[in-house]
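Q: Contents are mmCIF, C-alpha atoms; file name final_2.cif:
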data_final
#
loop_
_atom_site.label_atom_id
_atom_site.label_comp_id
_atom_site.auth_asym_id
_atom_site.auth_seq_id
_atom_site.Cartn_x
_atom_site.Cartn_y
_atom_site.Cartn_z
CA MET N 26 86.36 108.59 95.95
CA GLU N 27 86.64 111.96 94.24
CA ASN N 28 89.12 112.65 91.42
CA THR N 29 91.05 115.30 93.38
CA LEU N 30 91.68 112.94 96.30
CA LEU N 31 92.69 110.12 93.98
CA ALA N 32 95.14 112.46 92.22
CA GLN N 33 96.60 113.54 95.57
CA LEU N 34 97.09 109.88 96.44
CA GLY N 35 98.88 109.26 93.13
CA LEU N 36 96.17 107.63 91.02
CA LEU N 37 95.47 108.83 87.49
CA ARG N 38 91.90 108.66 86.28
CA GLN N 39 90.35 108.71 82.82
CA PRO N 40 87.25 110.84 82.11
CA SER N 41 85.25 107.58 82.17
CA GLY N 42 86.26 107.12 85.81
CA ALA N 43 88.63 104.20 85.21
CA ILE N 44 91.99 104.31 86.98
CA SER N 45 94.63 104.60 84.26
CA GLY N 46 97.87 104.69 86.20
CA ILE N 47 99.86 105.40 89.32
CA ASP N 48 102.20 108.40 89.23
CA LEU N 49 103.74 110.13 92.25
CA PRO N 50 106.31 112.84 92.89
CA ILE N 51 109.24 111.61 94.97
CA SER N 52 112.01 113.23 96.95
CA PRO N 53 114.11 115.83 95.13
CA THR N 54 117.75 115.35 94.33
CA PRO N 55 120.45 118.03 94.21
CA LEU N 56 121.47 116.68 90.81
CA LEU N 57 118.47 118.26 89.11
CA ALA N 58 118.10 121.92 88.19
CA ASP N 59 115.53 124.02 90.04
CA GLY N 60 112.02 123.49 88.71
CA LEU N 61 112.61 119.87 87.73
CA GLN N 62 111.22 116.98 89.69
CA ARG N 63 111.52 113.24 89.93
CA ARG N 64 108.41 111.11 89.67
CA VAL N 65 107.70 107.39 89.80
CA ARG N 66 104.97 105.66 87.85
CA LEU N 67 103.76 102.10 87.78
CA LYS N 68 104.79 100.52 84.52
CA ARG N 69 103.79 96.88 85.06
CA LEU N 70 102.09 94.73 87.69
CA THR N 71 102.06 90.94 87.38
CA PHE N 72 101.05 88.01 89.53
CA ASP N 73 103.20 84.92 89.16
CA ALA N 74 101.78 81.38 89.20
CA ASP N 75 102.47 81.18 92.96
CA LEU N 76 100.74 84.59 93.37
CA GLU N 77 103.99 86.39 94.19
CA ILE N 78 103.64 89.97 93.01
CA SER N 79 106.15 91.57 90.65
CA VAL N 80 106.07 95.28 89.93
CA LEU N 81 108.06 97.41 87.53
CA PHE N 82 108.27 101.06 88.53
CA GLU N 83 109.71 103.77 86.29
CA LEU N 84 111.52 106.79 87.71
CA TYR N 85 111.47 109.76 85.36
CA VAL N 86 112.20 113.49 85.34
CA CYS N 87 109.64 116.14 84.51
CA ASP N 88 109.43 119.91 84.34
CA ALA N 89 107.39 122.16 86.65
CA ASP N 90 104.29 121.53 84.52
CA GLY N 91 104.62 117.74 84.90
CA ASN N 92 105.85 117.12 81.34
CA ASP N 93 108.16 114.12 80.93
CA LEU N 94 111.47 115.62 79.80
CA TYR N 95 112.61 112.49 78.00
CA ALA N 96 109.52 112.61 75.78
CA LEU N 97 109.82 116.38 75.30
CA TYR N 98 113.47 116.24 74.26
CA GLY N 99 112.76 113.35 71.91
CA GLN N 100 110.12 115.43 70.10
CA ASP N 101 112.00 118.73 69.99
CA SER N 102 112.94 119.22 66.34
CA THR N 103 114.79 122.47 67.15
CA LEU N 104 117.59 120.57 68.88
CA SER N 105 120.60 119.30 67.01
CA PRO N 106 120.96 115.50 67.15
CA PHE N 107 123.97 115.82 69.49
CA VAL N 108 122.17 118.14 71.92
CA MET N 109 119.07 115.95 71.81
CA ARG N 110 121.11 112.83 72.67
CA GLU N 111 122.94 114.63 75.49
CA ARG N 112 119.73 115.95 77.02
CA MET N 113 117.94 112.63 76.68
CA ALA N 114 120.86 110.81 78.32
CA ARG N 115 120.51 113.05 81.39
CA VAL N 116 116.80 112.34 81.83
CA GLN N 117 116.62 108.71 80.69
CA PRO N 118 113.84 106.96 82.66
CA ILE N 119 115.05 104.22 85.00
CA GLU N 120 113.12 100.99 85.46
CA ILE N 121 113.05 99.67 89.03
CA PRO N 122 111.78 96.12 89.53
CA ARG N 123 110.27 95.00 92.82
CA THR N 124 108.89 91.62 93.88
CA THR N 125 107.38 90.09 96.99
CA ALA N 126 109.35 86.88 96.33
CA GLY N 127 112.10 86.47 98.91
CA SER N 128 111.03 89.62 100.76
CA PHE N 129 109.88 89.75 104.37
CA ARG N 130 107.99 92.19 106.60
CA ASP N 131 107.55 92.52 110.31
CA ALA N 132 104.10 91.06 111.00
CA ALA N 133 103.30 93.76 113.56
CA THR N 134 104.68 96.91 111.94
CA GLY N 135 104.80 96.08 108.24
CA ALA N 136 108.41 97.26 108.00
CA LEU N 137 110.68 95.48 105.54
CA VAL N 138 113.00 93.16 107.48
CA ASP N 139 115.45 90.30 106.98
CA ALA N 140 114.06 86.76 106.97
CA GLU N 141 115.81 85.99 110.29
CA THR N 142 114.17 88.89 112.13
CA PRO N 143 111.81 87.75 114.91
CA GLY N 144 108.23 88.26 113.72
CA ALA N 145 109.21 88.26 110.03
CA VAL N 146 106.65 86.89 107.61
CA PRO N 147 106.86 86.54 103.83
CA GLU N 148 105.80 89.79 102.20
CA LEU N 149 103.09 88.08 100.18
CA ALA N 150 101.52 86.62 103.35
CA PHE N 151 101.69 90.05 104.99
CA PHE N 152 99.83 91.72 102.11
CA GLN N 153 97.28 88.92 101.90
CA SER N 154 96.48 89.37 105.60
CA MET N 155 95.89 93.13 105.42
CA ALA N 156 92.42 94.33 106.30
CA LEU N 157 90.77 97.72 105.89
CA GLY N 158 91.93 98.84 109.34
CA HIS N 159 95.58 98.23 108.41
CA LEU N 160 95.25 100.40 105.32
CA GLN N 161 93.46 103.14 107.22
CA ALA N 162 96.28 103.08 109.80
CA GLN N 163 98.71 103.71 106.90
CA GLY N 164 96.82 106.92 106.22
CA LEU N 165 94.66 105.78 103.33
CA PRO N 166 91.25 107.50 103.53
CA LEU N 167 89.23 104.36 102.89
CA THR N 168 85.63 103.84 103.97
CA GLY N 169 85.11 100.27 102.76
CA THR N 170 83.00 101.35 99.79
CA GLU N 171 85.91 101.70 97.35
CA PRO N 172 86.25 99.20 94.50
CA TYR N 173 88.76 96.44 95.19
CA LEU N 174 91.21 97.50 92.49
CA VAL N 175 91.26 101.10 93.72
CA VAL N 176 92.38 99.74 97.09
CA VAL N 177 95.10 97.65 95.40
CA TYR N 178 96.32 100.68 93.43
CA LEU N 179 96.38 102.80 96.59
CA MET N 180 98.47 100.09 98.28
CA LEU N 181 100.92 100.21 95.35
CA ALA N 182 101.10 104.01 95.60
CA ASN N 183 101.92 103.59 99.30
CA ILE N 184 104.75 101.21 98.36
CA ILE N 185 106.20 103.95 96.13
CA ARG N 186 106.06 106.37 99.08
CA GLU N 187 107.65 103.73 101.33
CA LYS N 188 110.48 103.04 98.87
CA ASP N 189 111.07 106.77 98.46
CA ALA N 190 111.29 107.23 102.26
CA LEU N 191 113.81 104.38 102.38
CA GLY N 192 115.94 106.12 99.72
CA GLU N 193 115.39 103.41 97.12
CA PHE N 194 114.42 105.89 94.37
#
So that I can check it, write out the structure of this file as structure tokens.

A:
Amino acid sequence: MENTLLAQLGLLRQPSGAISGIDLPISPTPLLADGLQRRVRLKRLTFDADLEISVLFELYVCDADGNDLYALYGQDSTLSPFVMRERMARVQPIEIPRTTAGSFRDAATGALVDAETPGAVPELAFFQSMALGHLQAQGLPLTGTEPYLVVVYLMLANIIREKDALGEF
């Protein structure tokens, strides 16, 4: 898969070709000044002993050039300590945990549902049953030749898009 397409899908790639992160723009908020945007990146992915998946996403604010404002303000030696603290407080990254444990999806549609919903299956079982056709139906441009981990990362990027559409970011 070409670098441009991977970037459009939210995957970051090193010059060596290795995927180095997941980072996506999300819906704007009226709380931010024009030219600023909210983004979500994958901070941590772990598999528990029972194979439940835990993810830690980080929501952060960046400028029009994609620079993380929290990092920029922290390095700006022209700001007084008070102004630096005030600015950094306004753009403090927020960690958002997510786990498959205790979460359910509709087996037919993949939508998040309550456990009592007819057709609900544990989220882990839903993800473990997904085949290439399911991912293609979600809009992922997969051919079946992509490395396994690229597919996993694209699935995680889709979860960020899903959570954004649900207003969870």

Q: Nearest to Ala74 of chain N: which of N:Ala190, N:Ala126, N:Leu137, N:Val175 is it, counting all atoms listed in the file?

A: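 Among the listed residues, N:Ala126 lies closest to Ala74 of chain N.
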
Q: I'd like the contact shell of Val138 of chain N - 10 Å cut-off, all atoms listed in the file, skipping same-chain residues fewer than 4 positions apart - returned as number ranges by chain.

A: N: 128-132, 142-148

Q: Determine the nearest neighbour of Phe82 of chain N from the options N:Thr134, N:Gln39, N:Val116, N:Val65, counting only C-alpha atoms.

A: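 Closest to Phe82 of chain N of all the choices is N:Val65.
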
Q: Given the file shown, enumerate the residues that the PyMOL selection byres ((chain N and resi 33) around 12) captures and present them as a list in words.

A: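 Evaluating the PyMOL selection byres ((chain N and resi 33) around 12) on this file yields Met26, Glu27, Asn28, Thr29, Leu30, Leu31, Ala32, Leu34, Gly35, Leu36, Leu37, Arg38, Ile47, Asp48, Leu49, Pro50, Leu165, Pro166, Leu179, Ala182 and Asn183 of chain N.
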
Q: Expand the PyMOL selection byres ((chain N and resi 51) around 8) into the individual residues it matches in the shown file, reporting them as an MDAnalysis selection string.

A: chainID N and resid 49:50 52:53 62:65 186 189 194

Q: Keeping only C-alpha atoms, write the selected residues to a file as a compact mmCIF listing (two decimals), in the frame of the given file.

A:
# COMPACT_ATOMS: atom_id res chain seq x y z
CA LEU N 49 103.74 110.13 92.25
CA PRO N 50 106.31 112.84 92.89
CA SER N 52 112.01 113.23 96.95
CA PRO N 53 114.11 115.83 95.13
CA GLN N 62 111.22 116.98 89.69
CA ARG N 63 111.52 113.24 89.93
CA ARG N 64 108.41 111.11 89.67
CA VAL N 65 107.70 107.39 89.80
CA ARG N 186 106.06 106.37 99.08
CA ASP N 189 111.07 106.77 98.46
CA PHE N 194 114.42 105.89 94.37
